[in-house]
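*Asks:* So that we are looking at the same thing, I have put the structure below in structure tokens.
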Number of protein chains: 2
Amino acid sequence: MNVYKAPIRDLLFALEAFDYSERVASLEEFRDFDIETVEAILQSGADVLTKELLPLNRVGDEEGLKWDPQTGEVTMPTGFRDAYRMLVREGMIGITGPAQYGGGGGPESLSTTLGEISTATNKSFSMAPGLTRGLVDALLHHATEAQKDKYLPKLVSGEWSGTMCLTEPQCGTDLGLVRSKATAEGDHFRISGTKIWISFGEHDMSDNIIHFVLARLPDAPEGIKGLSVFIVPKLLDDGATNGVMCTGLEHKMGIKASPTCVIELDNSIGYLVGKPHKGMRAMFTMMNVARLHVGMEGIALGEIAYQTAVAFAKDRRQMRALDSEKSEFDQPADCIMVHPDIRRQLLNIKATTEAMRALAVWGAVEHDVSTYHPDAAVRQEADDLVQLLTPLIKAYCTERGFFNISDAMQVCGGAGYTTDWDIEQYMRDERIALIYEGTNHIQALDLVGRKLPRHGGRLFQVFSARITSLIRSSADEPKMSEFLAPLKAISKQTTGVTMELAGRAMEDNEVAGAVGTNYLTLLSLCALTYAMAVEARHALANPGPHSDTKLKTVRWFNDMVLPEADSLVRKVAAGKGNMFDFDVDEF
Amino acid sequence: MNVYKAPIRDLLFALEAFDYSERVASLEEFRDFDIETVEAILQSGADVLTKELLPLNRVGDEEGLKWDPQTGEVTMPTGFRDAYRMLVREGMIGITGPAQYGGGGGPESLSTTLGEISTATNKSFSMAPGLTRGLVDALLHHATEAQKDKYLPKLVSGEWSGTMCLTEPQCGTDLGLVRSKATAEGDHFRISGTKIWISFGEHDMSDNIIHFVLARLPDAPEGIKGLSVFIVPKLLDDGATNGVMCTGLEHKMGIKASPTCVIELDNSIGYLVGKPHKGMRAMFTMMNVARLHVGMEGIALGEIAYQTAVAFAKDRRQMRALDSEKSEFDQPADCIMVHPDIRRQLLNIKATTEAMRALAVWGAVEHDVSTYHPDAAVRQEADDLVQLLTPLIKAYCTERGFFNISDAMQVCGGAGYTTDWDIEQYMRDERIALIYEGTNHIQALDLVGRKLPRHGGRLFQVFSARITSLIRSSADEPKMSEFLAPLKAISKQTTGVTMELAGRAMEDNEVAGAVGTNYLTLLSLCALTYAMAVEARHALANPGPHSDTKLKTVRWFNDMVLPEADSLVRKVAAGKGNMFDFDVDEF
């Protein structure tokens, strides 16, 4: 059963709370994207996506993909190809692509918010344009003008789609182990190797597939500093094949309409992007945006699962209210919305989803400022925040989103466990988001091993300064005090833990690995509390029904979700514990 | 990939730590079941189950069930029928059934421990004898001698299987809404109605299926006090059909080899069990054992997922150790077992699984004592503990088991998300355990609404007395102090919360509903800490490799899992929060 109403009002609320109009729409590049325009695009996007993609979601799960072992061709589920081509024709794929290559030219703030809606309606499908978008970003920053002119227009429109060919059988997280080989031949290279986990590595929706392939030149140093990156088209300019073959599909728990391919490159023609041995740079370019979008997956599927559970709960009658004043005695039983535990579960989902949405929108706004603001210092500060927030958004939102979907299922009882209510598909589809685009622990290592120490801790200082600034500038608003008190408390607690961790990690770098995941969750709660306080301030300044509900939701978050920080503080303090007292055979 | 070694050593360790030999094997009824006999039965059971059922587990998931809409017949996946009949022939189904009806006569302590192994090898399959066992218990306590003589021998052997027909379309949790009708006719009744969620309501493994059906007599009072229970065989004595038809199967996220049936009863002949309108009594009889066994499902699937993740982690090489002394520089990368976060996740699973196993074994031992001890006072005390521990075991173990499986998947990265490693099936199969046999929140309501207030709080006092007794009797053992300190702390904390909750719940009974789930988790952590301290004492008294590892595992539990209590204390203190400030339309 498909239940979905795109949360446009709350997305706009988050954009406005984080000063989208002043900080993004005021930039030269985005003057055509005022908040009313963003609203119109989100609305028309939501209309199309809900109409075209949502009905295909269960079809894709049930029908899955067909792979022909002779040709390597992959056939998408019924309706996917037509829907994709319609979206290309309507300009939906390119809506946030760069204007100079035919895109709509919208900001990341639009792309992120539209991305939530797109993922909610059909996560498998939405991965295709998402991957293409990543390739567009990488080429924009690292390709030659000739390469850009050749590839970007069709990638931006979606006529061609893109992939990221990183992983190989012997390496997932550890790309230093990549073995694919590239040898020079005239103006191009010849690439051979086996790539695995290649999402949309082969499919029938676009006219061509442009693979972005990590490989090693003959003179390359070992490890991650010896990787170069190449454009390898599935079809060459004359339409001839290029030795790129899908030799198998993974069988997965979810995202069953997203082909996860084994790709064999057999002497395929490739074009070097950027300098030799500097391939990881281009990968890192797209990583922040890609991780932001993966974080949105947890928000998107948590939201649609929540809406499904609310629809179920409003309809279902079981037992009597514990408070007899809430009973409807003319009915055989009361609506389960009167039961405290149903409310508790639904409000936990609602509060965390809205807090995560605010956090992700904040990250997107900072991304736009970091890229386009005319003042280098402003760009730098925004970039510091993007760097710090990205691992939080990717890891926290995917994990919490998964738990939220599980809670939504629980609200529906046995019905939620059946395919009748789709929640079970959301759970299966969401689970991979904790793993791909850098596992959640890789995010934690990125946070504690790279982002915290960088520039003498400057990123965390910038983050703390934002919190301090909100507290100071709201000090005169009596209605803000209830929201500032928990923010002050969690900020103080988190800062203390961060300082202590910095000291301990210098003495023993295994400590950072051991506590990274719990620390990331703790810092995420701090960031979410801040994001909710920002929304509370915006709500107080803009009274109305949505603002009224928002204030209640922020209160719930502070009273019922934020206490999770207490346990995390203790877990981080416990450090490695006795984990290395165990011999491998004792596991 | 099937990885499973039955955790017999740890099961026996738990039994011995909870004085199985002194408390259960010493009982008249179980003198043939000394610990060596239990070990032999577990070992031979594990051999058979691992050989016969484990290979069918993935088969069952992939092939699923066939239902013929014309006849209503359900065909089990390939191999299930033969395996079932082999287990009947070998006496495996009846091994813990009552001796006077042909069973092996073993204690619940054996049934529970063997149940873990059976569920781990094939959860869907194991549900069939589990349900039959529940019916056997109900008939033993409530049927006439003639009924027992007629039905029990074949149910105990497994030649016939049993079901529980409770739920109807309009009622899941709320059985007071049951509408199925029973009318007297001679020495029997005629039953009509629609039952849903009937596990193994129809299948082809046994010669007959005995349905245990809740229905309402014409003169029955409304609500739950007007339900009677009836034996309704699928086939009558002469082999004729009895108007019992499977009119559909649910399509579920997991347990795809367990038929979840819609059962239509059309004027079916039924035999009243017990007194009119007292049907719920028989249901409650089997509920404690059934809930204990469902709790074991979280332990069982968490264990097999853990073993799978350990096998993966010991084989997989990625990145270098953070501590270079742990690196193997003759290899291209280090085994991921050196990475702190891999150890953290695996140890979290190991520690909680062993703690939950100890808790469940404790519950099973008390169950045996409560049923068979010659001294009524001893039986009473044991029963108090069974009543209190059952909701903890059912709810905590199923939820934690689900999270543990998710963590095991995370250890395996992308591979864990594929069907190659089976963990994704364990996750799907386990998820229902949080819902069925009384949702986890129903367990919480049972705990805070019935078990805590009963007899002026006596159940909790008995529980606390056990903790105090351990602390006092171990006070002279210096090596126990490290394990007693956290037990004292959590016990004090939990007692305080319990006392406060009792006061608040009297003033506002919605508070109990609002905090029940978090309170149950808190009390579970207290019970688990006690169970781990009992195991630590047993380990100290019985030195050896398993005991060495056990002590390390208890330390990990206390340092890394127990801190989760802090957040729960705060959440319980927050009570209802502002949950009723939200109008239904604000969700």
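We name chains A, B, ... following the order of the structure tokens; residues begin at 1 in each chain, and ligands are numbered from 1 as shown.
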For chain B, report every residue with an atom at most 7 Å from chain A (counting only C-alpha atoms), formatted as a VMD selection string.
*Replies:* chain B and resid 171 173 to 174 250 to 253 310 318 to 319 322 to 323 340 to 341 343 to 344 410 413 to 414 417 to 419 424 432 435 509 to 510 513 to 514 549 556 559 to 560 563 to 564 566 to 567 570 to 571 574 577 to 579 586 to 587
*Asks:* State, in Å with one decimal place, the distance from atom CA of Met164 of chain A to atom CA of Glu366 of chain A.
*Replies:* 25.3 Å
*Asks:* Taking the backbone alone, and naming residues the way the document does, which bits of segment 209-271 of chain A are helix (DSSP H, G or I) by DSSP, as a VMD selection string?
*Replies:* chain A and resid 223 to 226
*Asks:* Write out, as a short mmCIF file (atom, residue, chain, number, x, y, z; two decimals), in the first residue's frame, the residues just selected, with N, CA and C atoms.
*Replies:*
data_model
loop_
_atom_site.label_atom_id
_atom_site.label_comp_id
_atom_site.auth_asym_id
_atom_site.auth_seq_id
_atom_site.Cartn_x
_atom_site.Cartn_y
_atom_site.Cartn_z
N GLY A 223 49.72 1.12 -3.59
CA GLY A 223 48.76 1.71 -2.67
C GLY A 223 47.89 2.77 -3.30
N ILE A 224 47.25 3.55 -2.46
CA ILE A 224 46.20 4.46 -2.88
C ILE A 224 46.77 5.64 -3.67
N LYS A 225 48.06 5.89 -3.51
CA LYS A 225 48.68 7.02 -4.23
C LYS A 225 49.13 6.64 -5.63
N GLY A 226 48.78 5.44 -6.06
CA GLY A 226 49.14 5.03 -7.41
C GLY A 226 47.93 4.79 -8.30
#
*Asks:* Which residues come within 8 Å of segment 75-79 of chain B, counting only C-alpha atoms, excluding same-chain residues fewer than 4 positions away, as a list in words?
*Replies:*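 Once the nearby chain positions are removed, what remains is Leu56, Val59, Gly60, Glu63, Gly64, Leu65, Lys66, Trp67, Ala83, His203, Asp204, Met205 and Ala257 of chain B.
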*Asks:* Write out, as a tab-separated table (two decimals), in the first residue's frame, the residues just selected, with all heavy atoms.
*Replies:*
chain	number	residue	atom	x	y	z
B	56	LEU	N	18.51	-26.87	4.54
B	56	LEU	CA	17.18	-26.53	4.00
B	56	LEU	C	16.79	-25.08	4.28
B	56	LEU	O	15.75	-24.61	3.79
B	56	LEU	CB	16.12	-27.45	4.63
B	56	LEU	CG	16.20	-28.94	4.33
B	56	LEU	CD1	15.07	-29.68	5.04
B	56	LEU	CD2	16.15	-29.20	2.83
B	59	VAL	N	17.01	-22.93	1.19
B	59	VAL	CA	16.03	-23.53	0.26
B	59	VAL	C	14.63	-23.04	0.60
B	59	VAL	O	13.86	-22.62	-0.28
B	59	VAL	CB	16.07	-25.08	0.35
B	59	VAL	CG1	14.94	-25.69	-0.48
B	59	VAL	CG2	17.42	-25.61	-0.09
B	60	GLY	N	14.31	-23.10	1.88
B	60	GLY	CA	12.98	-22.68	2.31
B	60	GLY	C	12.72	-21.23	2.00
B	60	GLY	O	11.63	-20.84	1.57
B	63	GLU	N	12.60	-20.92	-2.07
B	63	GLU	CA	11.52	-21.62	-2.73
B	63	GLU	C	10.16	-21.19	-2.18
B	63	GLU	O	9.19	-21.06	-2.92
B	63	GLU	CB	11.72	-23.12	-2.50
B	63	GLU	CG	11.12	-24.01	-3.55
B	63	GLU	CD	11.52	-25.46	-3.30
B	63	GLU	OE1	12.71	-25.80	-3.38
B	63	GLU	OE2	10.61	-26.24	-3.01
B	64	GLY	N	10.09	-20.99	-0.89
B	64	GLY	CA	8.83	-20.59	-0.28
B	64	GLY	C	7.78	-21.69	-0.34
B	64	GLY	O	8.10	-22.87	-0.54
B	65	LEU	N	6.53	-21.28	-0.18
B	65	LEU	CA	5.43	-22.23	-0.05
B	65	LEU	C	4.53	-22.19	-1.26
B	65	LEU	O	4.40	-21.16	-1.90
B	65	LEU	CB	4.62	-21.87	1.20
B	65	LEU	CG	5.44	-21.85	2.48
B	65	LEU	CD1	4.85	-20.89	3.49
B	65	LEU	CD2	5.54	-23.25	3.06
B	66	LYS	N	3.90	-23.34	-1.54
B	66	LYS	CA	2.90	-23.36	-2.62
B	66	LYS	C	1.53	-23.58	-2.00
B	66	LYS	O	1.34	-24.48	-1.20
B	66	LYS	CB	3.23	-24.48	-3.61
B	66	LYS	CG	4.45	-24.19	-4.46
B	66	LYS	CD	4.67	-25.28	-5.50
B	66	LYS	CE	6.10	-25.21	-6.01
B	66	LYS	NZ	7.08	-25.71	-4.99
B	67	TRP	N	0.60	-22.74	-2.40
B	67	TRP	CA	-0.77	-22.85	-1.88
B	67	TRP	C	-1.71	-23.07	-3.05
B	67	TRP	O	-1.65	-22.36	-4.04
B	67	TRP	CB	-1.12	-21.57	-1.11
B	67	TRP	CG	-2.57	-21.45	-0.76
B	67	TRP	CD1	-3.27	-22.21	0.13
B	67	TRP	CD2	-3.51	-20.51	-1.31
B	67	TRP	NE1	-4.57	-21.80	0.19
B	67	TRP	CE2	-4.75	-20.76	-0.68
B	67	TRP	CE3	-3.42	-19.49	-2.24
B	67	TRP	CZ2	-5.89	-20.01	-0.97
B	67	TRP	CZ3	-4.54	-18.73	-2.54
B	67	TRP	CH2	-5.78	-19.00	-1.90
B	83	ALA	N	12.37	-34.29	5.94
B	83	ALA	CA	13.13	-34.01	7.16
B	83	ALA	C	12.24	-34.12	8.39
B	83	ALA	O	12.63	-34.69	9.42
B	83	ALA	CB	13.75	-32.60	7.07
B	203	HIS	N	-0.24	-27.45	6.13
B	203	HIS	CA	1.05	-27.87	5.58
B	203	HIS	C	0.97	-29.37	5.31
B	203	HIS	O	-0.05	-30.00	5.63
B	203	HIS	CB	2.19	-27.55	6.56
B	203	HIS	CG	2.07	-28.26	7.86
B	203	HIS	ND1	2.65	-29.49	8.09
B	203	HIS	CD2	1.41	-27.95	9.01
B	203	HIS	CE1	2.36	-29.89	9.32
B	203	HIS	NE2	1.61	-28.97	9.91
B	204	ASP	N	2.03	-29.93	4.74
B	204	ASP	CA	1.97	-31.33	4.32
B	204	ASP	C	2.95	-32.23	5.08
B	204	ASP	O	3.27	-33.32	4.63
B	204	ASP	CB	2.23	-31.44	2.80
B	204	ASP	CG	3.61	-30.91	2.42
B	204	ASP	OD1	4.39	-30.51	3.32
B	204	ASP	OD2	3.92	-30.88	1.21
B	205	MET	N	3.40	-31.78	6.25
B	205	MET	CA	4.43	-32.56	6.94
B	205	MET	C	3.86	-33.62	7.89
B	205	MET	O	4.43	-34.68	8.05
B	205	MET	CB	5.37	-31.62	7.71
B	205	MET	CG	6.06	-30.58	6.81
B	205	MET	SD	7.51	-29.78	7.56
B	205	MET	CE	6.80	-28.96	8.97
B	257	ALA	N	9.35	-20.08	4.80
B	257	ALA	CA	8.97	-21.49	4.78
B	257	ALA	C	8.02	-21.82	5.92
B	257	ALA	O	7.72	-22.98	6.17
B	257	ALA	CB	10.22	-22.36	4.87
*Asks:* Name all residues at most 10 Å from Ala184 of chain A (count only C-alpha atoms; drop same-chain ones fewer than 6 positions away) and give them as a PDB file with N, CA and C atoms, in the first residue's frame.
*Replies:*
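And here is the file that came out, out_13.pdb:
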ATOM      1  N   ARG A 190      44.411   1.721 -22.533  1.00  0.00           N
ATOM      2  CA  ARG A 190      43.679   0.461 -22.577  1.00  0.00           C
ATOM      3  C   ARG A 190      43.557  -0.054 -21.139  1.00  0.00           C
ATOM      4  N   ILE A 191      42.351  -0.351 -20.719  1.00  0.00           N
ATOM      5  CA  ILE A 191      42.098  -0.715 -19.326  1.00  0.00           C
ATOM      6  C   ILE A 191      41.601  -2.152 -19.249  1.00  0.00           C
ATOM      7  N   LEU A 217      48.479   2.708 -13.560  1.00  0.00           N
ATOM      8  CA  LEU A 217      49.393   2.790 -14.701  1.00  0.00           C
ATOM      9  C   LEU A 217      50.612   1.914 -14.427  1.00  0.00           C
ATOM     10  N   PRO A 218      51.332   1.528 -15.482  1.00  0.00           N
ATOM     11  CA  PRO A 218      52.466   0.609 -15.308  1.00  0.00           C
ATOM     12  C   PRO A 218      53.513   1.129 -14.315  1.00  0.00           C
ATOM     13  N   ILE A 269      38.980   0.876 -24.128  1.00  0.00           N
ATOM     14  CA  ILE A 269      39.565   2.213 -24.336  1.00  0.00           C
ATOM     15  C   ILE A 269      39.109   3.140 -23.220  1.00  0.00           C
ATOM     16  N   GLY A 270      40.076   3.837 -22.616  1.00  0.00           N
ATOM     17  CA  GLY A 270      39.754   4.763 -21.544  1.00  0.00           C
ATOM     18  C   GLY A 270      40.503   6.077 -21.719  1.00  0.00           C
ATOM     19  N   TYR A 271      39.948   7.123 -21.127  1.00  0.00           N
ATOM     20  CA  TYR A 271      40.545   8.446 -21.238  1.00  0.00           C
ATOM     21  C   TYR A 271      40.890   8.955 -19.849  1.00  0.00           C
ATOM     22  N   LEU A 272      42.157   9.287 -19.658  1.00  0.00           N
ATOM     23  CA  LEU A 272      42.626   9.735 -18.348  1.00  0.00           C
ATOM     24  C   LEU A 272      41.938  11.040 -17.946  1.00  0.00           C
TER      25      LEU A 272
END
*Asks:* Determine, counting only C-alpha atoms, which protein, DNA and RNA residues have an atom within 12 Å of an atom of Leu359 of chain B; residues of the same chain fewer than 5 positions away are not included. Present the result as a count of residues only.
*Replies:* 41
*Asks:* Can you measure atom CA of Thr119 of chain B to atom CA of Glu73 of chain B for me? One decimal in Å is fine.
*Replies:*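 We find that atom CA of Thr119 of chain B and atom CA of Glu73 of chain B lie 25.1 Å from each other.
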*Asks:* Between A:Thr121, A:Gly239, A:Leu522, A:Phe200, which one has atoms that come closest to Ile490 of chain A, using only C-alpha atoms?
*Replies:*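 Looking only at the distances to Ile490 of chain A, the closest residue turns out to be A:Leu522.
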